[in-house]
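**Q** This structure is in structure tokens; I'll ask about it shortly.
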Amino acid sequence: MRHALSLSLLSPPKPTNYRVGALLVDPSTGTILSTGYTLELPGNTHAEQCCFTKLAQAHSIPESSLADSDILPPRTVLYTTMEPCSERLSGNVPCVQRILALGGKVATVYVGVKEPETFVGDNKGRRMLEEKGIRVVSVPGMEEDILRVATAGHGGGG
Ligand code: HJL
Ligand code: ZN
């Protein structure tokens, strides 16, 4: 989660979303498979989304083929500083949907904070993942740092 937080610092502060960092890890070897942060890739991109898109690009396959490839091990772990989104104000594909499209390859999601209510109100990301059998684990102790970085572009004098 410390690594995810350091990735989130690379994201440009903007009033319209959060700065989030994320990484995919193979738990059997500890290998980092992919990393991402908000707005890392061109367009309006989320941290978790960047992890998946970059991994697919690195293997020259479409993101939609990750589920049926051997690129992700069966019990892949996702670390993200913020609970994956269940809804996006822009109408883009939410990260929960992207995770579920991986067909169970992501078995565990470690999250640093729940999404604050600024944009979509009550984010249902955690519950939607758990309903599909994905383990969601809150990592305690870094909430203050994570939120300070995530909301740095939101004004308010913080
Ligand atoms: C997570 C991110 C990111 C958000 N959440 N988990 N990772 N930016 O990289 C959630 C927030 C959405 C807004 C605006 N942010 O981002 O709810 O414009 O950023 O599609 O709903 O939607 P867009
Ligand atoms: Zn998202």
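By convention in this document, the chains of the structure tokens carry letters A, B, ... by their order, each chain's residues are numbered from 1, and ligands are numbered from 1 in the order they are shown.
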Write out as a ChimeraX atom specification each polymer residue whose atoms come within 12 Å of Pro13 in chain A, counting only C-alpha atoms; drop sequence neighbours fewer than 4 positions from it.

**A** /A:8-9,17-20,37-40,148-155

**Q** Which polymer residues have any atom within 10 Å of an atom of Leu147 in chain A, counting only C-alpha atoms, with same-chain residues fewer than 6 positions away left out, as JSON, numbers by chain?

**A** {"A": [5, 18, 19, 20, 81, 82, 112, 113, 114, 115, 116]}

**Q** Mind writing the picked residues with N, CA and C atoms as a CSV table (one decimal), in the first residue's frame?

**A**
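Listed below is the output, part-v3.csv:
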chain,number,residue,atom,x,y,z
A,5,LEU,N,0.6,4.3,-2.6
A,5,LEU,CA,0.5,5.7,-2.2
A,5,LEU,C,1.6,6.5,-3.0
A,18,TYR,N,-10.1,11.9,-8.0
A,18,TYR,CA,-9.1,11.7,-7.0
A,18,TYR,C,-7.8,11.3,-7.6
A,19,ARG,N,-6.7,11.5,-6.8
A,19,ARG,CA,-5.4,10.9,-7.2
A,19,ARG,C,-5.2,9.6,-6.5
A,20,VAL,N,-5.2,8.5,-7.3
A,20,VAL,CA,-5.2,7.2,-6.8
A,20,VAL,C,-4.0,6.4,-7.4
A,81,THR,N,-5.1,2.6,-3.5
A,81,THR,CA,-5.2,3.5,-2.4
A,81,THR,C,-6.7,3.8,-2.1
A,82,MET,N,-7.6,3.7,-3.1
A,82,MET,CA,-9.0,3.9,-2.9
A,82,MET,C,-9.8,2.8,-3.5
A,112,GLY,N,-7.0,1.2,0.5
A,112,GLY,CA,-6.5,2.1,1.6
A,112,GLY,C,-7.6,2.9,2.2
A,113,VAL,N,-8.5,3.4,1.4
A,113,VAL,CA,-9.7,4.2,1.9
A,113,VAL,C,-10.9,3.9,1.1
A,114,LYS,N,-12.1,4.1,1.8
A,114,LYS,CA,-13.3,4.0,1.0
A,114,LYS,C,-13.4,5.3,0.2
A,115,GLU,N,-14.1,5.3,-0.9
A,115,GLU,CA,-14.2,6.6,-1.7
A,115,GLU,C,-15.0,7.6,-0.9
A,116,PRO,N,-14.5,8.8,-0.8
A,116,PRO,CA,-15.3,9.9,-0.1
A,116,PRO,C,-16.5,10.2,-1.0

**Q** Per residue of range 83-120 of chain A within 10 Å of range 41-54 of chain A, what are the shortest atom pair and its distance in Å to one decimal, counting only C-alpha atoms, with rows by chain and residue number, as a Markdown table?

**A**
| residue | atom | partner | partner_atom | distance |
| --- | --- | --- | --- | --- |
| A:Glu83 | CA | A:Glu48 | CA | 9.8 |
| A:Pro84 | CA | A:Glu48 | CA | 7.3 |
| A:Cys85 | CA | A:His46 | CA | 9.0 |
| A:Ser90 | CA | A:Asn44 | CA | 8.5 |
| A:Asn92 | CA | A:Asn44 | CA | 8.4 |
| A:Val93 | CA | A:Gln49 | CA | 9.2 |
| A:Pro94 | CA | A:Gln49 | CA | 8.6 |
| A:Cys95 | CA | A:Gln49 | CA | 6.2 |
| A:Val96 | CA | A:Glu48 | CA | 9.2 |
| A:Arg98 | CA | A:Gln49 | CA | 7.3 |
| A:Ile99 | CA | A:Glu48 | CA | 8.6 |
| A:Leu102 | CA | A:Phe52 | CA | 9.4 |

**Q** Which of these residues is nearest to Pro27 in chain A, using only C-alpha atoms: A:Thr80, A:Ser86, A:Ser60, A:Thr108?

**A** A:Thr108

**Q** For Glu131 in chain A, which of A:Leu100, A:Val111, A:Arg88, A:Val106 is the closest residue, counting only C-alpha atoms?

**A** A:Leu100

**Q** Calculated over only C-alpha atoms, which of the candidates A:Gly133, A:Ser34, A:Val77, A:Ala101 has the smallest distance to Gln57 in chain A?

**A**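 Of A:Gly133, A:Ser34, A:Val77, A:Ala101, the one nearest Gln57 in chain A, counting only C-alpha atoms, is A:Ser34.
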
**Q** Using DSSP secondary structure from the backbone, list all strand (DSSP E) positions within chain A, as a count of residues only.

**A** 32

**Q** Determine which residues of range 3-158 of chain A receive a DSSP assignment of helix (DSSP H, G or I), computed from the backbone, and state them as a PyMOL selection string.

**A** chain A and resi 3-8+47-58+63-68+95-100+125-131+143-150

**Q** Suppose we keep N, CA and C atoms; can you now write the selection as a compact mmCIF listing (two decimals), in the first residue's frame?

**A**
# COMPACT_ATOMS: atom_id res chain seq x y z
N HIS A 3 3.62 1.46 -1.62
CA HIS A 3 3.98 1.61 -3.03
C HIS A 3 2.83 2.27 -3.80
N ALA A 4 1.60 1.84 -3.52
CA ALA A 4 0.43 2.43 -4.19
C ALA A 4 0.33 3.92 -3.87
N LEU A 5 0.60 4.26 -2.61
CA LEU A 5 0.55 5.68 -2.22
C LEU A 5 1.61 6.48 -2.98
N SER A 6 2.79 5.91 -3.14
CA SER A 6 3.84 6.65 -3.86
C SER A 6 3.46 6.81 -5.32
N LEU A 7 2.77 5.85 -5.89
CA LEU A 7 2.29 5.98 -7.27
C LEU A 7 1.25 7.10 -7.37
N SER A 8 0.39 7.20 -6.36
CA SER A 8 -0.67 8.22 -6.41
C SER A 8 -0.09 9.63 -6.45
N ALA A 47 -6.59 4.75 -11.87
CA ALA A 47 -5.37 4.01 -11.50
C ALA A 47 -5.50 2.52 -11.80
N GLU A 48 -6.61 1.94 -11.37
CA GLU A 48 -6.81 0.50 -11.56
C GLU A 48 -6.90 0.17 -13.05
N GLN A 49 -7.64 1.01 -13.76
CA GLN A 49 -7.77 0.87 -15.21
C GLN A 49 -6.39 0.90 -15.88
N CYS A 50 -5.52 1.82 -15.46
CA CYS A 50 -4.18 1.92 -16.04
C CYS A 50 -3.40 0.63 -15.81
N CYS A 51 -3.55 0.01 -14.63
CA CYS A 51 -2.87 -1.27 -14.37
C CYS A 51 -3.25 -2.30 -15.42
N PHE A 52 -4.54 -2.42 -15.69
CA PHE A 52 -5.00 -3.45 -16.63
C PHE A 52 -4.60 -3.10 -18.07
N THR A 53 -4.81 -1.85 -18.44
CA THR A 53 -4.51 -1.44 -19.82
C THR A 53 -3.02 -1.57 -20.11
N LYS A 54 -2.18 -1.15 -19.17
CA LYS A 54 -0.74 -1.23 -19.38
C LYS A 54 -0.27 -2.69 -19.49
N LEU A 55 -0.86 -3.54 -18.66
CA LEU A 55 -0.48 -4.96 -18.70
C LEU A 55 -0.85 -5.57 -20.05
N ALA A 56 -2.05 -5.27 -20.51
CA ALA A 56 -2.49 -5.79 -21.82
C ALA A 56 -1.59 -5.25 -22.93
N GLN A 57 -1.30 -3.96 -22.86
CA GLN A 57 -0.44 -3.34 -23.88
C GLN A 57 0.95 -3.97 -23.88
N ALA A 58 1.48 -4.24 -22.69
CA ALA A 58 2.82 -4.82 -22.59
C ALA A 58 2.89 -6.19 -23.26
N GLU A 63 -7.32 -5.55 -23.79
CA GLU A 63 -7.64 -5.71 -22.37
C GLU A 63 -8.67 -6.83 -22.16
N SER A 64 -9.58 -6.95 -23.11
CA SER A 64 -10.65 -7.95 -22.98
C SER A 64 -10.12 -9.38 -23.06
N SER A 65 -8.86 -9.55 -23.49
CA SER A 65 -8.31 -10.90 -23.58
C SER A 65 -7.54 -11.31 -22.33
N LEU A 66 -7.38 -10.39 -21.37
CA LEU A 66 -6.61 -10.71 -20.15
C LEU A 66 -7.23 -11.88 -19.40
N ALA A 67 -8.56 -11.94 -19.38
CA ALA A 67 -9.24 -12.99 -18.61
C ALA A 67 -8.86 -14.38 -19.10
N ASP A 68 -8.69 -14.52 -20.41
CA ASP A 68 -8.45 -15.84 -20.99
C ASP A 68 -6.97 -16.10 -21.25
N CYS A 95 -14.23 0.73 -12.67
CA CYS A 95 -13.16 -0.24 -12.43
C CYS A 95 -13.69 -1.56 -11.87
N VAL A 96 -14.78 -1.52 -11.12
CA VAL A 96 -15.37 -2.78 -10.63
C VAL A 96 -15.73 -3.67 -11.81
N GLN A 97 -16.33 -3.06 -12.81
CA GLN A 97 -16.71 -3.83 -14.01
C GLN A 97 -15.46 -4.40 -14.71
N ARG A 98 -14.40 -3.62 -14.73
CA ARG A 98 -13.15 -4.09 -15.35
C ARG A 98 -12.57 -5.26 -14.56
N ILE A 99 -12.65 -5.17 -13.23
CA ILE A 99 -12.12 -6.25 -12.39
C ILE A 99 -12.94 -7.53 -12.60
N LEU A 100 -14.27 -7.36 -12.62
CA LEU A 100 -15.13 -8.53 -12.79
C LEU A 100 -14.95 -9.15 -14.18
N GLY A 125 -18.49 -0.04 -4.72
CA GLY A 125 -17.43 -0.89 -5.25
C GLY A 125 -17.12 -2.08 -4.37
N ARG A 126 -16.93 -1.81 -3.10
CA ARG A 126 -16.55 -2.89 -2.19
C ARG A 126 -17.61 -3.99 -2.18
N ARG A 127 -18.86 -3.58 -2.00
CA ARG A 127 -19.94 -4.57 -1.90
C ARG A 127 -20.09 -5.37 -3.20
N MET A 128 -19.99 -4.68 -4.32
CA MET A 128 -20.16 -5.38 -5.61
C MET A 128 -19.07 -6.42 -5.83
N LEU A 129 -17.86 -6.11 -5.40
CA LEU A 129 -16.77 -7.08 -5.54
C LEU A 129 -17.00 -8.26 -4.60
N GLU A 130 -17.38 -7.96 -3.35
CA GLU A 130 -17.58 -9.03 -2.37
C GLU A 130 -18.72 -9.96 -2.80
N GLU A 131 -19.74 -9.38 -3.41
CA GLU A 131 -20.87 -10.19 -3.88
C GLU A 131 -20.44 -11.20 -4.94
N GLU A 143 -4.86 6.15 6.02
CA GLU A 143 -6.01 6.89 5.47
C GLU A 143 -5.73 8.38 5.29
N GLU A 144 -5.10 8.98 6.31
CA GLU A 144 -4.88 10.43 6.27
C GLU A 144 -3.97 10.82 5.10
N ASP A 145 -2.88 10.10 4.96
CA ASP A 145 -1.93 10.38 3.87
C ASP A 145 -2.59 10.14 2.52
N ILE A 146 -3.31 9.04 2.41
CA ILE A 146 -3.96 8.69 1.13
C ILE A 146 -4.95 9.76 0.73
N LEU A 147 -5.77 10.22 1.67
CA LEU A 147 -6.80 11.22 1.34
C LEU A 147 -6.18 12.59 1.06
N ARG A 148 -5.10 12.91 1.75
CA ARG A 148 -4.44 14.19 1.48
C ARG A 148 -3.94 14.22 0.04
N VAL A 149 -3.33 13.15 -0.40
CA VAL A 149 -2.85 13.07 -1.78
C VAL A 149 -4.04 13.02 -2.74
N ALA A 150 -5.04 12.22 -2.42
CA ALA A 150 -6.16 12.00 -3.35
C ALA A 150 -6.94 13.28 -3.64

**Q** Please indicate the distance in Å from atom 4 (C, counted along the ligand's line) of ligand 1 to CA of Thr16 in chain A, rounded to one decimal place.

**A**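 So the answer is 9.6 Å.
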
**Q** For each of A:Met1, A:Leu33, A:Leu89, A:Leu24, take the minimum atom-to-atom distance to ligand 1, counting only C-alpha atoms and all ligand atoms, then give the residue where this is smallest.

**A**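 With only C-alpha atoms and all ligand atoms as the atom set, the closest residue is A:Leu89.
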